[in-house]
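Text of work-v2.txt (compact mmCIF, C-alpha atoms) as supplied:
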# COMPACT_ATOMS: atom_id res chain seq x y z
CA MET F 1 -24.03 -2.47 -15.33
CA THR F 2 -21.08 -4.84 -15.25
CA VAL F 3 -18.07 -3.97 -13.11
CA LYS F 4 -14.77 -5.74 -12.48
CA LEU F 5 -14.06 -6.50 -8.83
CA VAL F 6 -10.50 -7.23 -7.68
CA TYR F 7 -9.71 -8.68 -4.26
CA PHE F 8 -6.49 -8.70 -2.24
CA ALA F 9 -4.92 -10.36 0.83
CA TRP F 10 -7.40 -12.10 3.18
CA VAL F 11 -10.40 -10.73 1.29
CA ARG F 12 -9.10 -12.55 -1.81
CA GLU F 13 -8.36 -15.73 0.15
CA ARG F 14 -11.77 -15.85 1.83
CA ILE F 15 -13.74 -15.13 -1.36
CA GLY F 16 -11.55 -17.68 -3.14
CA LYS F 17 -10.71 -15.76 -6.31
CA PRO F 18 -8.60 -12.74 -7.23
CA GLU F 19 -11.15 -11.01 -9.46
CA GLU F 20 -14.53 -11.35 -11.14
CA ASP F 21 -16.99 -9.40 -13.27
CA ILE F 22 -20.38 -8.93 -11.67
CA ASP F 23 -23.67 -7.39 -12.80
CA LEU F 24 -24.69 -4.69 -10.36
CA PRO F 25 -28.38 -4.65 -9.38
CA ALA F 26 -29.99 -1.28 -10.13
CA ASP F 27 -30.46 -0.51 -6.44
CA VAL F 28 -26.71 -0.83 -5.67
CA THR F 29 -25.37 2.70 -6.15
CA THR F 30 -22.83 3.23 -3.34
CA VAL F 31 -19.79 1.37 -2.04
CA ARG F 32 -21.65 0.49 1.18
CA GLU F 33 -24.54 -0.99 -0.82
CA LEU F 34 -22.08 -2.96 -2.94
CA LEU F 35 -20.44 -4.51 0.15
CA ASN F 36 -23.87 -5.43 1.55
CA HIS F 37 -24.87 -6.93 -1.81
CA LEU F 38 -21.69 -9.01 -1.98
CA LYS F 39 -22.30 -10.35 1.54
CA SER F 40 -25.56 -11.85 0.27
CA LEU F 41 -23.82 -13.86 -2.48
CA GLY F 42 -22.65 -16.75 -0.30
CA GLU F 43 -20.82 -17.80 2.82
CA GLU F 44 -17.36 -17.10 1.36
CA TYR F 45 -18.38 -13.48 0.74
CA GLU F 46 -19.99 -13.34 4.19
CA ALA F 47 -16.68 -14.55 5.70
CA ALA F 48 -14.64 -11.95 3.79
CA LEU F 49 -16.95 -9.01 4.48
CA GLN F 50 -18.22 -9.91 7.95
CA TYR F 51 -16.97 -6.58 9.32
CA PRO F 52 -17.48 -4.20 6.39
CA GLU F 53 -16.32 -1.20 8.43
CA VAL F 54 -12.70 -2.43 8.27
CA ILE F 55 -12.80 -3.08 4.51
CA ARG F 56 -11.01 -0.61 2.24
CA VAL F 57 -12.28 0.14 -1.25
CA ALA F 58 -10.73 1.74 -4.33
CA ILE F 59 -12.66 2.84 -7.42
CA ASP F 60 -10.54 2.80 -10.57
CA GLN F 61 -7.46 2.50 -8.34
CA GLU F 62 -8.19 5.49 -6.07
CA HIS F 63 -9.18 5.16 -2.39
CA VAL F 64 -12.84 6.00 -1.65
CA ASP F 65 -15.10 6.13 1.42
CA HIS F 66 -18.01 3.74 1.79
CA HIS F 67 -20.55 6.46 1.04
CA GLU F 68 -18.99 7.12 -2.38
CA LYS F 69 -21.19 6.60 -5.44
CA ILE F 70 -20.06 3.79 -7.71
CA GLY F 71 -21.00 5.79 -10.81
CA ASN F 72 -19.38 4.45 -13.96
CA ALA F 73 -16.58 2.60 -12.18
CA ARG F 74 -14.70 0.16 -14.38
CA GLU F 75 -12.75 -1.55 -11.60
CA ILE F 76 -13.44 -1.72 -7.87
CA GLY F 77 -10.71 -2.99 -5.53
CA ILE F 78 -11.77 -4.51 -2.20
CA PHE F 79 -9.10 -5.23 0.43
CA PRO F 80 -8.10 -5.12 4.12
CA PRO F 81 -6.22 -2.21 5.75
CA MET F 82 -2.77 -1.94 4.19
CA THR F 83 0.38 -3.27 5.85
CA GLY F 84 3.23 -2.38 3.51
CA GLY F 85 6.46 -0.60 4.27
CA MET S 1 13.91 22.03 -10.14
CA PRO S 2 13.16 18.66 -8.56
CA ASP S 3 12.86 15.66 -10.81
CA ALA S 4 9.62 13.68 -10.62
CA PRO S 5 9.82 11.11 -7.81
CA ASN S 6 11.55 7.89 -8.86
CA ILE S 7 9.01 5.23 -7.85
CA ARG S 8 9.60 1.52 -8.40
CA ILE S 9 7.83 -1.69 -7.37
CA GLN S 10 9.95 -4.74 -8.01
CA ALA S 11 10.64 -8.30 -6.89
CA GLN S 12 14.43 -7.95 -6.89
CA ASP S 13 16.56 -6.33 -4.19
CA PHE S 14 17.90 -2.79 -4.47
CA ASP S 15 21.39 -1.35 -4.08
CA LEU S 16 21.34 1.55 -1.61
CA GLN S 17 24.62 3.12 -2.76
CA ALA S 18 23.69 2.90 -6.44
CA GLU S 19 20.32 4.52 -5.75
CA ILE S 20 21.92 7.40 -3.83
CA GLU S 21 24.37 7.96 -6.68
CA ALA S 22 21.56 7.90 -9.26
CA LEU S 23 19.73 10.58 -7.27
CA THR S 24 22.69 12.87 -6.63
CA SER S 25 25.15 12.42 -9.50
CA GLY S 26 25.89 15.57 -11.47
CA ARG S 27 24.06 17.81 -9.02
CA ARG S 28 25.60 20.63 -7.00
CA ASP S 29 22.49 21.88 -5.18
CA ILE S 30 21.82 18.93 -2.85
CA GLY S 31 23.10 19.45 0.68
CA ALA S 32 21.34 16.59 2.49
CA VAL S 33 20.39 13.01 1.66
CA VAL S 34 18.33 10.93 4.10
CA THR S 35 17.70 7.25 3.45
CA PHE S 36 15.32 4.83 5.13
CA THR S 37 15.53 1.07 4.58
CA GLY S 38 12.80 -1.22 5.92
CA LEU S 39 13.80 -4.86 6.47
CA CYS S 40 11.88 -8.05 7.09
CA ARG S 41 12.35 -8.94 10.77
CA ASP S 42 11.70 -12.04 12.85
CA GLU S 43 11.00 -11.28 16.50
CA ARG S 44 10.31 -14.80 17.81
CA GLY S 45 12.47 -17.08 15.69
CA SER S 46 9.34 -18.49 14.03
CA LEU S 47 9.19 -16.52 10.79
CA SER S 48 10.43 -18.13 7.56
CA ALA S 49 9.45 -15.26 5.27
CA LEU S 50 6.94 -12.52 4.56
CA GLU S 51 4.89 -12.68 1.38
CA LEU S 52 4.36 -9.16 0.08
CA GLU S 53 1.23 -8.76 -2.04
CA HIS S 54 0.35 -5.56 -3.88
CA TYR S 55 -2.33 -4.05 -6.11
CA PRO S 56 -0.51 -3.67 -9.45
CA GLY S 57 -0.97 -0.23 -10.95
CA MET S 58 -2.60 1.29 -7.87
CA ALA S 59 0.41 0.63 -5.63
CA GLU S 60 2.68 2.55 -7.99
CA ALA S 61 0.09 5.32 -8.49
CA GLU S 62 -0.34 5.80 -4.72
CA MET S 63 3.42 5.88 -4.12
CA ARG S 64 3.77 8.42 -6.94
CA ARG S 65 0.94 10.54 -5.45
CA ILE S 66 2.51 10.46 -1.96
CA GLY S 67 5.96 11.17 -3.42
CA LYS S 68 4.60 14.24 -5.20
CA LEU S 69 3.00 15.47 -1.94
CA ALA S 70 6.28 15.00 -0.07
CA THR S 71 8.30 16.71 -2.81
CA ASP S 72 5.99 19.74 -2.89
CA ARG S 73 5.53 20.05 0.88
CA PHE S 74 9.23 19.86 1.79
CA SER S 75 10.65 21.32 -1.43
CA LEU S 76 12.69 18.18 -1.99
CA LEU S 77 15.28 18.19 -4.76
CA GLY S 78 14.88 14.48 -5.34
CA LEU S 79 12.96 11.48 -4.01
CA THR S 80 13.35 7.76 -4.64
CA ALA S 81 10.96 5.13 -3.25
CA ILE S 82 11.32 1.42 -4.01
CA HIS S 83 9.00 -1.25 -2.59
CA ARG S 84 9.59 -4.96 -3.14
CA PHE S 85 6.95 -7.66 -3.54
CA GLY S 86 6.99 -11.45 -3.35
CA ARG S 87 8.64 -13.64 -0.76
CA ILE S 88 11.15 -11.85 1.50
CA ALA S 89 13.15 -13.57 4.25
CA PRO S 90 14.13 -12.04 7.61
CA GLY S 91 17.14 -9.77 7.16
CA GLU S 92 16.26 -8.92 3.57
CA ASN S 93 15.15 -5.50 2.34
CA ILE S 94 11.49 -4.58 1.83
CA VAL S 95 11.39 -0.84 1.17
CA LEU S 96 13.77 2.03 0.42
CA VAL S 97 13.12 5.78 0.61
CA ILE S 98 15.74 8.39 -0.29
CA ALA S 99 14.98 12.09 0.12
CA ALA S 100 17.33 14.83 -1.08
CA ALA S 101 17.08 18.50 -0.13
CA PRO S 102 19.25 21.58 0.33
CA HIS S 103 19.21 21.11 4.14
CA ARG S 104 18.83 18.20 6.54
CA GLN S 105 15.44 18.94 8.14
CA ALA S 106 13.54 18.86 4.84
CA ALA S 107 15.31 15.62 3.89
CA PHE S 108 14.48 13.97 7.24
CA ASP S 109 10.86 15.18 7.11
CA GLY S 110 10.40 14.22 3.45
CA ALA S 111 11.59 10.65 4.03
CA SER S 112 9.50 10.32 7.19
CA PHE S 113 6.36 11.71 5.52
CA MET S 114 6.83 9.37 2.56
CA MET S 115 7.05 6.31 4.83
CA ASP S 116 4.15 7.31 7.09
CA PHE S 117 1.76 7.74 4.17
CA LEU S 118 3.14 4.75 2.26
CA LYS S 119 2.36 2.46 5.19
CA THR S 120 -1.26 3.58 5.49
CA SER S 121 -2.19 4.34 1.87
CA ALA S 122 -0.11 2.29 -0.55
CA PRO S 123 -1.89 -1.01 -1.27
CA PHE S 124 0.58 -3.62 0.03
CA TRP S 125 -0.14 -6.49 2.42
CA LYS S 126 2.15 -8.85 4.34
CA LYS S 127 1.46 -12.51 5.02
CA GLU S 128 3.63 -14.55 7.38
CA HIS S 129 5.13 -17.91 6.46
CA LYS S 130 6.29 -19.91 9.48
CA VAL S 131 9.52 -21.87 9.93
CA ASP S 132 7.47 -25.04 10.58
CA GLY S 133 5.98 -24.75 7.08
CA SER S 134 2.55 -23.59 8.17
CA ALA S 135 0.89 -20.54 6.68
CA GLY S 136 0.81 -17.84 9.30
CA ASP S 137 -1.49 -14.87 9.62
CA TRP S 138 -1.82 -11.74 7.56
CA VAL S 139 -0.03 -8.96 9.40
CA ALA S 140 -2.59 -6.66 11.07
CA ALA S 141 -2.60 -2.93 10.47
CA LYS S 142 -1.48 -0.88 13.47
CA ASP S 143 -3.23 2.14 15.00
CA ALA S 144 0.26 3.54 15.65
CA ASP S 145 0.76 3.79 11.88
CA ASP S 146 -2.42 5.85 11.54
CA ARG S 147 -1.24 8.14 14.35
CA ALA S 148 2.17 8.52 12.69
CA ARG S 149 0.41 9.62 9.50
CA ASP S 150 -2.01 11.95 11.26
CA ARG S 151 0.75 13.98 12.91
CA TRP S 152 1.44 15.53 9.48
CA GLN S 153 -2.06 17.03 9.26
Structure translated into structure tokens:
Amino acid sequence: MTVKLVYFAWVRERIGKPEEDIDLPADVTTVRELLNHLKSLGEEYEAALQYPEVIRVAIDQEHVDHHEKIGNAREIGIFPPMTGG
Amino acid sequence: MPDAPNIRIQAQDFDLQAEIEALTSGRRDIGAVVTFTGLCRDERGSLSALELEHYPGMAEAEMRRIGKLATDRFSLLGLTAIHRFGRIAPGENIVLVIAAAPHRQAAFDGASFMMDFLKTSAPFWKKEHKVDGSAGDWVAAKDADDRARDRWQ
């Protein structure tokens, strides 16, 4: 399955691109598994996702926990804790 | 009946008085209007500007979701929330919340609730730009903001 990933703030800067389409391996079914998979893709991903517990994730633009199933997500946002306001 | 929250994400500044008038004009049932304006501040004389980044689409959807929660919970008669993005210098506006209600407590609480949840759930991030031209750090999220949100639960 192909899914669009979008990155923001220092996650975007460390990975070095704002978005990309990736093919999900069959054994990646949850958000936590996705973050672990991304960490294996290279040192820029390792730098961005070194502490996955602080990373926030949104599936189709809604916040989700790391145990959430990816299901048929079209777009997954990956970003640091928010600092607006 | 309350109108749907007026939610906007924009690069340009906002006009506080015009926004209050837009929310209240022609109405006779509003007895209290509370406004909150958040500004870019420089505490050490080293900040040139903040760069506000957001997740287009989701930022507006989250603000709309929070605005609906605030409107329902405090029976607001009107709610406006405007968040700017892009480069913002110290002294300039970042965010505006206006809550209207029959009485003051609901208006105060509605504006406060909107800001507390906006800060922890709406996908915006701030990056510092220094006076000396160097790129500063991304602003870190504060535990105090999580506690401010959690007091509403």
Using all atoms listed in the file, find each residue of region 87-145 of chain S with at least one atom at most 12 Å away from an atom of region 54-69 of chain F; report its shortest atom-to-atom pair and that distance in Å (one decimal), sort the rows by chain and rising residue number, and return the result as JSON lines.
{"residue": "S:Thr120", "atom": "CA", "partner": "F:Arg56", "partner_atom": "CA", "distance": 11.1}
{"residue": "S:Ser121", "atom": "CA", "partner": "F:His63", "partner_atom": "CA", "distance": 8.2}
{"residue": "S:Ala122", "atom": "CA", "partner": "F:His63", "partner_atom": "CA", "distance": 9.7}
{"residue": "S:Pro123", "atom": "CA", "partner": "F:His63", "partner_atom": "CA", "distance": 9.6}
{"residue": "S:Ala140", "atom": "CA", "partner": "F:Val54", "partner_atom": "CA", "distance": 11.3}
{"residue": "S:Ala141", "atom": "CA", "partner": "F:Val54", "partner_atom": "CA", "distance": 10.3}
Residue selection dump (C-alpha atoms) as a PDB file, in the coordinates of the input:
ATOM      1  CA  THR S 120      -1.260   3.580   5.490  1.00  0.00           C
ATOM      2  CA  SER S 121      -2.190   4.340   1.870  1.00  0.00           C
ATOM      3  CA  ALA S 122      -0.110   2.290  -0.550  1.00  0.00           C
ATOM      4  CA  PRO S 123      -1.890  -1.010  -1.270  1.00  0.00           C
ATOM      5  CA  ALA S 140      -2.590  -6.660  11.070  1.00  0.00           C
ATOM      6  CA  ALA S 141      -2.600  -2.930  10.470  1.00  0.00           C
TER       7      ALA S 141
END
* Option closest in space to Lys4 (chain F), from F:Thr83, F:Thr29, F:Ile22, F:Gly16 [counting all atoms listed in the file] ->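 With all atoms listed in the file as the atom set, the closest residue is F:Ile22.
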* **Exercise answer, chain S residues close to chain F, 10 Å and all atoms listed in the file, as a PyMOL selection string** => chain S and resi 37-40+52-59+61-62+82-85+94-97+115-127+137-142+145
To test the calculation: enclose all listed atoms of region 35-54 of chain F in a box whose edges run along x, y and z, add 6 Å on each side, then state centre and edge lengths in Å to one decimal, as lines of an AutoDock Vina configuration file.
center_x = -19.1
center_y = -9.5
center_z = 3.4
size_x = 24.9
size_y = 28.6
size_z = 23.8
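Comparing the minimum interatomic distances between Gln10 (chain S) and each of S:Leu69, S:Ala49, S:Ala81, S:Ala32, counting all atoms listed in the file, we find that S:Ala81 sits nearest.
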* **Of the listed residues S:Gly110, S:Ala89, S:Gly136, S:Gly31, that which approaches Asp72 (chain S) most closely, counting all atoms listed in the file** => S:Gly110
* **Among listed residues S:Gln105, S:Gln12, S:Gln17, S:Ser48, nearest Leu76 (chain S) (using all atoms listed in the file)** => S:Gln105
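Taking CA of Val3 (chain F) and CA of Ile66 (chain S) as the two end points, the separation is 27.5 Å.
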* To do: Work out how far CA of Glu92 (chain S) is from CA of Val131 (chain S), in Å to one decimal.
  =>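 Taking CA of Val131 (chain S) as the start and CA of Glu92 (chain S) as the end point, the length is 15.9 Å.
CA of Ile78 (chain F) to CA of Ala148 (chain S) spans 24.2 Å [interatomic distance, one decimal].
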* **Residue with smallest distance to Ser25 (chain S) - pool S:Gly86, S:Gly45, S:Gly78, S:Pro5, counting all atoms listed in the file** =>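 Residue with the minimum atom-to-atom distance to Ser25 (chain S): S:Gly78.
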* Asked: Hey, which of S:Trp152, S:Phe113, S:Phe36, S:Phe108 ends up closest to Ala70 (chain S)? Count only C-alpha atoms.
  -> S:Phe113
* Asked: Can you tell me, as a PyMOL selection string, which residues sit within 10 Å of (-19.7, -8.2, 5.9) in the file's frame, using all atoms listed in the file?
  -> chain F and resi 35-40+45-55
Export region 55-68 of chain F, all heavy atoms, as a JSON list (two decimals), in the first residue's frame; it's the structure right above.
[["chain", "number", "residue", "atom", "x", "y", "z"],
["F", 55, "ILE", "N", 7.07, 12.11, 19.30],
["F", 55, "ILE", "CA", 6.54, 12.43, 17.97],
["F", 55, "ILE", "C", 5.02, 12.32, 17.95],
["F", 55, "ILE", "O", 4.45, 11.38, 18.49],
["F", 55, "ILE", "CB", 7.15, 11.48, 16.91],
["F", 55, "ILE", "CG1", 8.69, 11.65, 16.85],
["F", 55, "ILE", "CG2", 6.52, 11.69, 15.55],
["F", 55, "ILE", "CD1", 9.14, 13.01, 16.38],
["F", 56, "ARG", "N", 4.38, 13.33, 17.36],
["F", 56, "ARG", "CA", 2.92, 13.32, 17.20],
["F", 56, "ARG", "C", 2.58, 12.89, 15.78],
["F", 56, "ARG", "O", 3.31, 13.21, 14.84],
["F", 56, "ARG", "CB", 2.33, 14.70, 17.47],
["F", 56, "ARG", "CG", 2.74, 15.28, 18.81],
["F", 56, "ARG", "CD", 2.27, 14.42, 19.96],
["F", 56, "ARG", "NE", 2.76, 14.91, 21.23],
["F", 56, "ARG", "CZ", 2.12, 15.78, 21.99],
["F", 56, "ARG", "NH1", 0.97, 16.27, 21.61],
["F", 56, "ARG", "NH2", 2.64, 16.16, 23.14],
["F", 57, "VAL", "N", 1.44, 12.18, 15.67],
["F", 57, "VAL", "CA", 1.04, 11.64, 14.37],
["F", 57, "VAL", "C", -0.44, 11.94, 14.13],
["F", 57, "VAL", "O", -1.26, 11.88, 15.05],
["F", 57, "VAL", "CB", 1.29, 10.12, 14.33],
["F", 57, "VAL", "CG1", 0.79, 9.52, 13.01],
["F", 57, "VAL", "CG2", 2.79, 9.83, 14.52],
["F", 58, "ALA", "N", -0.75, 12.27, 12.87],
["F", 58, "ALA", "CA", -2.15, 12.47, 12.47],
["F", 58, "ALA", "C", -2.42, 11.59, 11.26],
["F", 58, "ALA", "O", -1.61, 11.54, 10.32],
["F", 58, "ALA", "CB", -2.42, 13.93, 12.13],
["F", 59, "ILE", "N", -3.54, 10.88, 11.28],
["F", 59, "ILE", "CA", -3.97, 10.09, 10.12],
["F", 59, "ILE", "C", -5.12, 10.83, 9.47],
["F", 59, "ILE", "O", -6.13, 11.14, 10.13],
["F", 59, "ILE", "CB", -4.38, 8.67, 10.53],
["F", 59, "ILE", "CG1", -3.15, 7.88, 11.01],
["F", 59, "ILE", "CG2", -5.07, 7.96, 9.37],
["F", 59, "ILE", "CD1", -3.45, 6.44, 11.40],
["F", 60, "ASP", "N", -4.95, 11.13, 8.19],
["F", 60, "ASP", "CA", -5.95, 11.90, 7.44],
["F", 60, "ASP", "C", -6.38, 13.14, 8.22],
["F", 60, "ASP", "O", -7.56, 13.46, 8.34],
["F", 60, "ASP", "CB", -7.15, 11.02, 7.06],
["F", 60, "ASP", "CG", -6.73, 9.94, 6.06],
["F", 60, "ASP", "OD1", -5.77, 10.19, 5.30],
["F", 60, "ASP", "OD2", -7.34, 8.87, 6.05],
["F", 61, "GLN", "N", -5.37, 13.81, 8.81],
["F", 61, "GLN", "CA", -5.51, 15.11, 9.46],
["F", 61, "GLN", "C", -6.27, 15.05, 10.79],
["F", 61, "GLN", "O", -6.82, 16.04, 11.24],
["F", 61, "GLN", "CB", -6.13, 16.14, 8.50],
["F", 61, "GLN", "CG", -5.32, 16.25, 7.20],
["F", 61, "GLN", "CD", -5.54, 17.52, 6.43],
["F", 61, "GLN", "OE1", -6.43, 18.30, 6.74],
["F", 61, "GLN", "NE2", -4.72, 17.75, 5.43],
["F", 62, "GLU", "N", -6.27, 13.88, 11.44],
["F", 62, "GLU", "CA", -6.80, 13.78, 12.80],
["F", 62, "GLU", "C", -5.75, 13.14, 13.71],
["F", 62, "GLU", "O", -5.14, 12.13, 13.35],
["F", 62, "GLU", "CB", -8.08, 12.93, 12.83],
["F", 62, "GLU", "CG", -9.26, 13.61, 12.16],
["F", 62, "GLU", "CD", -10.55, 12.84, 12.38],
["F", 62, "GLU", "OE1", -10.60, 11.95, 13.24],
["F", 62, "GLU", "OE2", -11.52, 13.15, 11.65],
["F", 63, "HIS", "N", -5.57, 13.72, 14.91],
["F", 63, "HIS", "CA", -4.58, 13.19, 15.86],
["F", 63, "HIS", "C", -4.87, 11.72, 16.18],
["F", 63, "HIS", "O", -6.03, 11.34, 16.39],
["F", 63, "HIS", "CB", -4.62, 13.98, 17.17],
["F", 63, "HIS", "CG", -4.15, 15.40, 17.03],
["F", 63, "HIS", "ND1", -2.85, 15.71, 16.69],
["F", 63, "HIS", "CD2", -4.79, 16.57, 17.18],
["F", 63, "HIS", "CE1", -2.73, 17.03, 16.66],
["F", 63, "HIS", "NE2", -3.89, 17.58, 16.94],
["F", 64, "VAL", "N", -3.81, 10.91, 16.27],
["F", 64, "VAL", "CA", -3.96, 9.51, 16.68],
["F", 64, "VAL", "C", -2.84, 9.14, 17.65],
["F", 64, "VAL", "O", -1.78, 9.77, 17.67],
["F", 64, "VAL", "CB", -3.92, 8.53, 15.48],
["F", 64, "VAL", "CG1", -5.12, 8.74, 14.56],
["F", 64, "VAL", "CG2", -2.61, 8.65, 14.70],
["F", 65, "ASP", "N", -3.08, 8.09, 18.46],
["F", 65, "ASP", "CA", -2.05, 7.53, 19.33],
["F", 65, "ASP", "C", -1.16, 6.59, 18.50],
["F", 65, "ASP", "O", -1.53, 6.15, 17.41],
["F", 65, "ASP", "CB", -2.69, 6.74, 20.47],
["F", 65, "ASP", "CG", -3.41, 7.65, 21.45],
["F", 65, "ASP", "OD1", -2.97, 8.80, 21.60],
["F", 65, "ASP", "OD2", -4.41, 7.21, 22.04],
["F", 66, "HIS", "N", -0.01, 6.24, 19.11],
["F", 66, "HIS", "CA", 0.94, 5.40, 18.38],
["F", 66, "HIS", "C", 0.45, 3.96, 18.19],
["F", 66, "HIS", "O", 0.96, 3.25, 17.34],
["F", 66, "HIS", "CB", 2.29, 5.40, 19.10],
["F", 66, "HIS", "CG", 3.05, 6.68, 18.92],
["F", 66, "HIS", "ND1", 4.39, 6.81, 19.19],
["F", 66, "HIS", "CD2", 2.65, 7.90, 18.50],
["F", 66, "HIS", "CE1", 4.78, 8.05, 18.94],
["F", 66, "HIS", "NE2", 3.73, 8.74, 18.52],
["F", 67, "HIS", "N", -0.53, 3.54, 18.99],
["F", 67, "HIS", "CA", -1.02, 2.17, 18.82],
["F", 67, "HIS", "C", -2.12, 2.08, 17.76],
["F", 67, "HIS", "O", -2.63, 1.00, 17.47],
["F", 67, "HIS", "CB", -1.51, 1.59, 20.15],
["F", 67, "HIS", "CG", -2.59, 2.40, 20.80],
["F", 67, "HIS", "ND1", -3.86, 2.49, 20.30],
["F", 67, "HIS", "CD2", -2.57, 3.18, 21.91],
["F", 67, "HIS", "CE1", -4.58, 3.28, 21.08],
["F", 67, "HIS", "NE2", -3.82, 3.72, 22.05],
["F", 68, "GLU", "N", -2.49, 3.23, 17.18],
["F", 68, "GLU", "CA", -3.57, 3.24, 16.19],
["F", 68, "GLU", "C", -3.17, 2.45, 14.93],
["F", 68, "GLU", "O", -2.03, 2.49, 14.48],
["F", 68, "GLU", "CB", -3.86, 4.70, 15.79],
["F", 68, "GLU", "CG", -5.10, 4.89, 14.95],
["F", 68, "GLU", "CD", -6.38, 4.91, 15.77],
["F", 68, "GLU", "OE1", -6.29, 5.01, 17.01],
["F", 68, "GLU", "OE2", -7.45, 4.79, 15.17]]
